[in-house]
Amino acid sequence: MSFVYFIFIPMIATLLIPFLYKKVSGIHTGWFVLVVPVILLGLYTTLLPKVQHGETVTSSFDWIPSLNISFVSYIDGLSLLFSLLITGIGALVVLYSIFYLDKTREQLHNFYVYLMLFMTAMLGVVQSDHLISLYFFWELTSISSFLLIGYWYKRDRSRFGALKSMMITVFGGLMMLGGFVLLSIMGDTYSIRELIAIAPELANHEWFVWSLILVLLGAFTKSAQFPFYIWLPDAMEAPTPVSAYLHSATMVKAGLYLVARFTPIFASSEWWIWLVTGIGLLTLFWGSFFALKQTDLKGILAFSTVSQLGLIMSLLGAGAISFHTGVEDNSIFKYAAFAAIFHLINHATFKGCLFMIAGIIDHETGTRDIRKLGGLMSIMPITFTIAMIGSFSMAGLPPFNGFLSKEMFLTGMLSIPNFDFFAFDTWGILFPIIAWIASVFTFVYSFYFVFRTFTGKYKPDLLPKKAHEAPFGMLISPAILGLLVVAIFFIPNVIADVLIKPAVAAIQPYLYGSPEEIDIHVSAWHGWASPELWMTIGIIVIGFLLYWTLSKWQPMFEKFPKWFSLNRFYDKLMDLSETGTYRFSSLYMTGYMRSYLIYMFTAIVVLTISTVFIKDAFDISFATLAPIRFYELIISLVLVAGTITVLAAKSRLTSIIALGAVGYSVALFFVVFNAPDLALTQLVIETVSVALFLLAFYHLPKLNRHENRMKFRLGNALVALGVGVMVTIVALSAHSQKLVPSISSYYEETVYSEAGGGNIVNVILVDYRGFDTLFEIAVLSIASIGIIGMIRLRLSKKKEVNRIENK
Amino acid sequence: MKTNDVILQTTTKVIFFIIILFSIHIFFAGHYAPGGGFVGGLLTSSGIVLLLLAFDLKTVSNMLPINYTVMVSIGLLIALGTAAGSIFFNVPFFTHAFEYFTLPLLGKQSLHTAALFDAGVYLVVVGVTMTIIQSIGEDE
């Protein structure tokens, strides 16, 4: 089985979805779509036994062989874990969406097409071994995320959020592309595996740090790290299944995947460790702190996602420390990468579950505003139970999986001050402290989320709908995830053997040869003496106190100055780039054809003449010229006379007719010089364009009642003179020095044998230089569209002014 | 004021067909003798322009009920399709093919994919020219 083709299954399915939606309107389209992730999940599950023992599965097919670009699917522990998450959560989300999105009111075909597009993109990201195709899929996830956030495109907030996420993630993606290009130049390969193999050589390259920072920019924007996280809260305008899927379980983890995947290449650098750990921890703290400011359920979850992503990011950074210490030296560093993967799985389960709960509450009560909610416990008991499981796991309480990974996280952070490189032994003490404070806030917002919604006073008059328990189908997916949250707590070592260890082996190939060598055992109980236990107890106690007094200190968030925020900065930046570029371009875009012609002609004259002089190509010799014949002299005289008439004529009509005379005499020149094709074309063009001129003439503004001669303008005269001189110089110089033999002999030889034609001019047009012709007719078509736009669809002046003001 | 243009209209009725026939000839002759899609297309449009001069816009669009913008897109599609067709035979984009046939009455003739491409050019040129002239002419 060639696994590379499986990546494209969801994309191929998108072809069928619109037909199914239109033709089979009785059945919710989601049921058909559900088949895709379920089948894929099954297919990827079959790989588990193989990958568990450290084997990898590689398959590829060529995409653009001439540029050395191909799709390579490389499945190791890390890729497989992500693939399972994508298809597994994907299946649950599709199931959930069947009940969440109404089949009569929503445009389901759009939704599922975008969702399947995303699935292909995401599978491609986590399986690509080729840097360029990885980038291609990476941007595809941004685009499908844009489409999904803007799914309810009639809402302003949706469009704003979609654009914001796209702007930030695509910016990061482009930076990442730069990093990839640097890497491929340094390593002379596009393959990530080959780059990992030569990582020690890359580390000494002068561009190494540049590529590191650029790749990290890609990862940080995608994974919503500080200060790029601002797009994620706005992305919550997407339908809730999308938020659960893209913006908590999968897409935002693409950045984590990237960091994990590139750890073997960059781990040797102190930049890597400092940036990844530091930014991760800062994000963890920032997100958990500001989650308490939110009043929207999904807003709380968005900030909590930001914070949890920061947690995993910091663990991945700490995991890179083990590159410097080795296995035997200090065994606690090994835990970090393991904990990162473990928490990644746990986060996908409990956060996916919580998002679905938020969706249920929104769906059944009509609001997500936590100030209006309360007392839903007795009305929605099943929802409450699942929500509690998810939140307690997020808070890091036993017996839920979040407890285990939170303990390991604390272990990892506690070990950082022991690391005696890169100034970690002095500054490192900050890491466990910040981690602990952030964990306290995590505890508080978890409680805030679940207890403000489900306990307290029921306020039915504030709710737009009468609250009731969700339909059974909607509860299936969060219940499955909730079940996993509990199950993982009791069988962590099974999960570790099957999923985590193969992934860790892929992140830290310098430590382990195969997943079996990893001797980490997860246990819930470490004994009374372990500092992690006391830290957890501290978190619970302080967290509980803070939650108790929340209403006292929550108004403090309002004290933060509104103008000083990252969102504000983003808005200003967008504003500035819009008005700035508008101002800049209106400096020279006057709207008058004559100004543009002057720019163009001046540029041509200056460029060409200076090139001629710099290259010393100026050469005029009359030796090889044929004698001037009588006809030519007469035609030239007519030509000159016509041109002067154009300028000197009092009325426009005379000018147009004189211009026609100029054109026809040029055609006569072609006849005299034996160029029938050119002559024919010139004649017809002249005829048609005189007709056109006469038509346009009607529309030209009237200059004066008594038409005057054109005024003499020195600037225009200079430009005109310059163009004339330039063309003459080029023509004479080109004729005087022939450095290479003319290509016409090649045409003469091959026109019949190769192209099967007799008329060189036409064969050049359609065959030798067919590309030119193709683009020329394309330009012609664009021009005609432009003319239709300008004339037939012309907006009145008043309307146009309004349109600009609306921007 | 109604101008008397009987002579123009009568001659146009004859000359128009000559121009169109000539333009078709020019188009097909293109590969071996002077001509081709571009000139052919321009000639055809100049024929239609002659019609426009002799009669008014409305009469002409009744005579030739053609949507020229559609014509442009069909032309572009034909040109692009011919160019892209080659990739289905595993040769680079834009590789032309030709073959000689002996036909009854006409004798030895050649068939070119280049002629198909040229037909696309022809349609685009006629379409674009007429679109421009119509748009400007219709505008008050």
# chains A, B, ... in the order shown; residues from 1 in each chain; ligands from 1
$ residues_around --residues "range 25-36 of chain A" --least-positions-apart "2" --cutoff "12 Å" --atoms "only C-alpha atoms" --output "PyMOL selection string"
chain A and resi 6-23+38-43+86-117+119-120
$ interface_residues --of "chain A" --to "chain B" --cutoff "9 Å" --atoms "only C-alpha atoms" --output "ChimeraX atom specification"
/A:675-678,680-682,684-685,687-688,691-692,695-696,699,755-763,765-767,770-771,773-774,777-778,780-781,783-785,787-788,791-792
$ write_last_selection --atoms "N, CA and C atoms" --output "CSV table (one decimal), in the first residue's frame"
chain,number,residue,atom,x,y,z
A,675,ALA,N,7.7,42.5,-47.2
A,675,ALA,CA,7.2,41.9,-46.0
A,675,ALA,C,5.7,41.8,-46.0
A,676,PRO,N,5.1,40.9,-46.9
A,676,PRO,CA,3.7,41.0,-47.1
A,676,PRO,C,2.9,40.7,-45.8
A,677,ASP,N,3.3,39.9,-44.9
A,677,ASP,CA,2.6,39.6,-43.7
A,677,ASP,C,2.4,40.9,-42.9
A,678,LEU,N,3.5,41.6,-42.7
A,678,LEU,CA,3.5,42.8,-41.9
A,678,LEU,C,2.7,43.8,-42.6
A,680,LEU,N,0.2,43.5,-44.6
A,680,LEU,CA,-1.2,43.1,-44.5
A,680,LEU,C,-1.8,43.5,-43.2
A,681,THR,N,-1.0,43.0,-42.1
A,681,THR,CA,-1.5,43.3,-40.8
A,681,THR,C,-1.6,44.8,-40.5
A,682,GLN,N,-0.5,45.5,-40.9
A,682,GLN,CA,-0.5,46.9,-40.6
A,682,GLN,C,-1.7,47.6,-41.3
A,684,VAL,N,-4.6,46.4,-42.1
A,684,VAL,CA,-5.9,46.1,-41.5
A,684,VAL,C,-6.0,46.8,-40.1
A,685,ILE,N,-4.9,46.8,-39.4
A,685,ILE,CA,-4.9,47.4,-38.1
A,685,ILE,C,-5.2,48.9,-38.2
A,687,THR,N,-6.8,50.4,-40.6
A,687,THR,CA,-8.2,50.6,-40.9
A,687,THR,C,-9.1,50.5,-39.7
A,688,VAL,N,-8.9,49.4,-38.9
A,688,VAL,CA,-9.7,49.2,-37.7
A,688,VAL,C,-9.5,50.3,-36.7
A,691,ALA,N,-11.1,53.6,-37.5
A,691,ALA,CA,-12.5,53.5,-37.1
A,691,ALA,C,-12.7,53.6,-35.6
A,692,LEU,N,-11.8,53.0,-34.9
A,692,LEU,CA,-11.9,53.1,-33.4
A,692,LEU,C,-11.7,54.5,-32.9
A,695,LEU,N,-14.6,56.5,-33.3
A,695,LEU,CA,-15.7,56.2,-32.3
A,695,LEU,C,-15.3,56.9,-31.0
A,696,ALA,N,-14.0,56.8,-30.6
A,696,ALA,CA,-13.6,57.3,-29.3
A,696,ALA,C,-13.6,58.9,-29.4
A,699,HIS,N,-16.2,60.8,-27.8
A,699,HIS,CA,-16.2,60.8,-26.3
A,699,HIS,C,-15.2,61.7,-25.7
A,755,ALA,N,8.3,22.2,-38.4
A,755,ALA,CA,7.0,22.7,-38.1
A,755,ALA,C,6.0,22.5,-39.2
A,756,GLY,N,6.4,21.9,-40.3
A,756,GLY,CA,5.5,21.6,-41.4
A,756,GLY,C,4.8,22.8,-41.9
A,757,GLY,N,5.5,23.9,-42.0
A,757,GLY,CA,4.8,25.1,-42.6
A,757,GLY,C,5.7,25.8,-43.6
A,758,GLY,N,5.1,26.8,-44.3
A,758,GLY,CA,5.8,27.5,-45.3
A,758,GLY,C,6.0,28.9,-45.0
A,759,ASN,N,5.2,29.5,-44.2
A,759,ASN,CA,5.2,31.0,-43.9
A,759,ASN,C,5.9,31.2,-42.5
A,760,ILE,N,7.2,31.6,-42.6
A,760,ILE,CA,7.9,31.7,-41.3
A,760,ILE,C,7.3,32.6,-40.3
A,761,VAL,N,6.8,33.7,-40.8
A,761,VAL,CA,6.2,34.7,-39.8
A,761,VAL,C,5.0,34.0,-39.0
A,762,ASN,N,4.2,33.4,-39.8
A,762,ASN,CA,3.0,32.8,-39.1
A,762,ASN,C,3.4,31.6,-38.2
A,763,VAL,N,4.4,30.8,-38.7
A,763,VAL,CA,4.8,29.7,-37.9
A,763,VAL,C,5.5,30.1,-36.6
A,765,LEU,N,4.6,32.8,-35.0
A,765,LEU,CA,3.5,33.2,-34.2
A,765,LEU,C,2.8,32.0,-33.5
A,766,VAL,N,2.6,30.9,-34.2
A,766,VAL,CA,1.8,29.9,-33.6
A,766,VAL,C,2.6,28.8,-33.1
A,767,ASP,N,3.9,28.7,-33.5
A,767,ASP,CA,4.6,27.5,-33.0
A,767,ASP,C,5.9,27.8,-32.3
A,770,GLY,N,4.9,30.3,-29.7
A,770,GLY,CA,3.5,30.2,-29.4
A,770,GLY,C,3.1,30.8,-28.0
A,771,PHE,N,4.1,30.6,-27.1
A,771,PHE,CA,3.8,31.2,-25.7
A,771,PHE,C,3.5,32.6,-25.8
A,773,THR,N,2.3,34.4,-28.2
A,773,THR,CA,1.0,34.6,-28.8
A,773,THR,C,-0.1,34.3,-27.8
A,774,LEU,N,0.1,33.2,-27.1
A,774,LEU,CA,-0.9,32.8,-26.1
A,774,LEU,C,-1.1,33.9,-25.0
A,777,ILE,N,-2.8,37.1,-26.6
A,777,ILE,CA,-4.2,37.1,-26.7
A,777,ILE,C,-4.9,37.1,-25.3
A,778,ALA,N,-4.1,36.6,-24.4
A,778,ALA,CA,-4.7,36.7,-23.0
A,778,ALA,C,-4.7,38.2,-22.6
A,780,LEU,N,-4.9,40.7,-24.6
A,780,LEU,CA,-6.0,41.3,-25.4
A,780,LEU,C,-7.3,41.1,-24.7
A,781,SER,N,-7.5,39.9,-24.2
A,781,SER,CA,-8.8,39.6,-23.6
A,781,SER,C,-9.0,40.4,-22.3
A,783,ALA,N,-7.6,43.2,-21.7
A,783,ALA,CA,-7.9,44.6,-22.1
A,783,ALA,C,-9.4,44.8,-22.4
A,784,SER,N,-9.9,43.8,-23.1
A,784,SER,CA,-11.3,44.0,-23.5
A,784,SER,C,-12.2,44.0,-22.3
A,785,ILE,N,-11.8,43.1,-21.3
A,785,ILE,CA,-12.6,43.1,-20.0
A,785,ILE,C,-12.5,44.5,-19.4
A,787,ILE,N,-12.1,47.3,-20.8
A,787,ILE,CA,-12.9,48.3,-21.5
A,787,ILE,C,-14.4,48.1,-21.1
A,788,ILE,N,-14.8,46.9,-21.0
A,788,ILE,CA,-16.2,46.6,-20.6
A,788,ILE,C,-16.4,47.2,-19.2
A,791,ILE,N,-16.4,51.1,-19.5
A,791,ILE,CA,-17.5,51.8,-20.2
A,791,ILE,C,-18.9,51.3,-19.9
A,792,ARG,N,-19.0,49.9,-20.0
A,792,ARG,CA,-20.4,49.4,-19.8
A,792,ARG,C,-20.8,49.5,-18.3
$ residues_around --residues "Ala54 in chain B" --least-positions-apart "6" --cutoff "7 Å" --atoms "only C-alpha atoms" --output "list in words"
Leu8, Gln9 and Thr12 of chain B
$ write_last_selection --atoms "C-alpha atoms" --output "PDB file, in the first residue's frame"
ATOM      1  CA  LEU B   8     -22.670  52.593 -49.164  1.00  0.00           C
ATOM      2  CA  GLN B   9     -25.269  50.128 -47.941  1.00  0.00           C
ATOM      3  CA  THR B  12     -21.409  46.909 -48.304  1.00  0.00           C
TER       4      THR B  12
END
$ residues_around --residues "Leu483 in chain A" --least-positions-apart "4" --cutoff "12 Å" --atoms "only C-alpha atoms" --output "PyMOL selection string"
chain A and resi 346+349-350+353+385-390+393+399-401+475-479+487-490
$ write_last_selection --atoms "C-alpha atoms" --output "mmCIF file, in the first residue's frame"
data_model
loop_
_atom_site.group_PDB
_atom_site.id
_atom_site.type_symbol
_atom_site.label_atom_id
_atom_site.label_comp_id
_atom_site.auth_asym_id
_atom_site.auth_seq_id
_atom_site.Cartn_x
_atom_site.Cartn_y
_atom_site.Cartn_z
ATOM 1 C CA ASN A 346 -4.075 14.765 26.388
ATOM 2 C CA THR A 349 -8.684 14.893 24.077
ATOM 3 C CA PHE A 350 -9.756 17.275 26.830
ATOM 4 C CA CYS A 353 -14.135 17.688 24.421
ATOM 5 C CA THR A 385 -20.321 15.552 33.714
ATOM 6 C CA ILE A 386 -18.331 15.604 30.517
ATOM 7 C CA ALA A 387 -17.418 19.263 31.005
ATOM 8 C CA MET A 388 -16.185 18.521 34.487
ATOM 9 C CA ILE A 389 -14.002 15.665 33.287
ATOM 10 C CA GLY A 390 -12.466 17.891 30.623
ATOM 11 C CA SER A 393 -8.054 17.254 33.339
ATOM 12 C CA PRO A 399 -7.794 10.876 38.065
ATOM 13 C CA PHE A 400 -7.601 12.474 34.644
ATOM 14 C CA ASN A 401 -4.850 12.362 32.040
ATOM 15 C CA LEU A 475 -23.106 14.048 23.077
ATOM 16 C CA ILE A 476 -21.426 11.024 21.494
ATOM 17 C CA SER A 477 -18.243 12.751 20.389
ATOM 18 C CA PRO A 478 -17.507 14.671 23.614
ATOM 19 C CA ALA A 479 -18.401 11.563 25.611
ATOM 20 C CA ALA A 487 -8.922 5.911 30.347
ATOM 21 C CA ILE A 488 -5.536 7.433 29.605
ATOM 22 C CA PHE A 489 -5.058 8.140 33.292
ATOM 23 C CA PHE A 490 -5.381 4.454 34.093
#
$ atom_distance --atom1 "CA of Phe228 in chain A" --atom2 "CA of Ser322 in chain A"
27.8 Å
$ select_by_dssp --residues "range 120-264 of chain A" --states "helix (DSSP H, G or I)" --output "PyMOL selection string"
chain A and resi 120-127+131-149+156-187+192-197+199-202+208-222+228-237+240-249+251-264
$ closest_residue --among "A:Pro227, A:Gly482, A:Gly543, A:Gly352" --to "Asn567 in chain A" --atoms "only C-alpha atoms"
A:Pro227
$ residues_around --residues "range 184-201 of chain A" --least-positions-apart "4" --cutoff "12 Å" --atoms "only C-alpha atoms" --output "ChimeraX atom specification"
/A:56,58,60,67-76,126-135,177-180,205-211,258,261-269,323,506-510
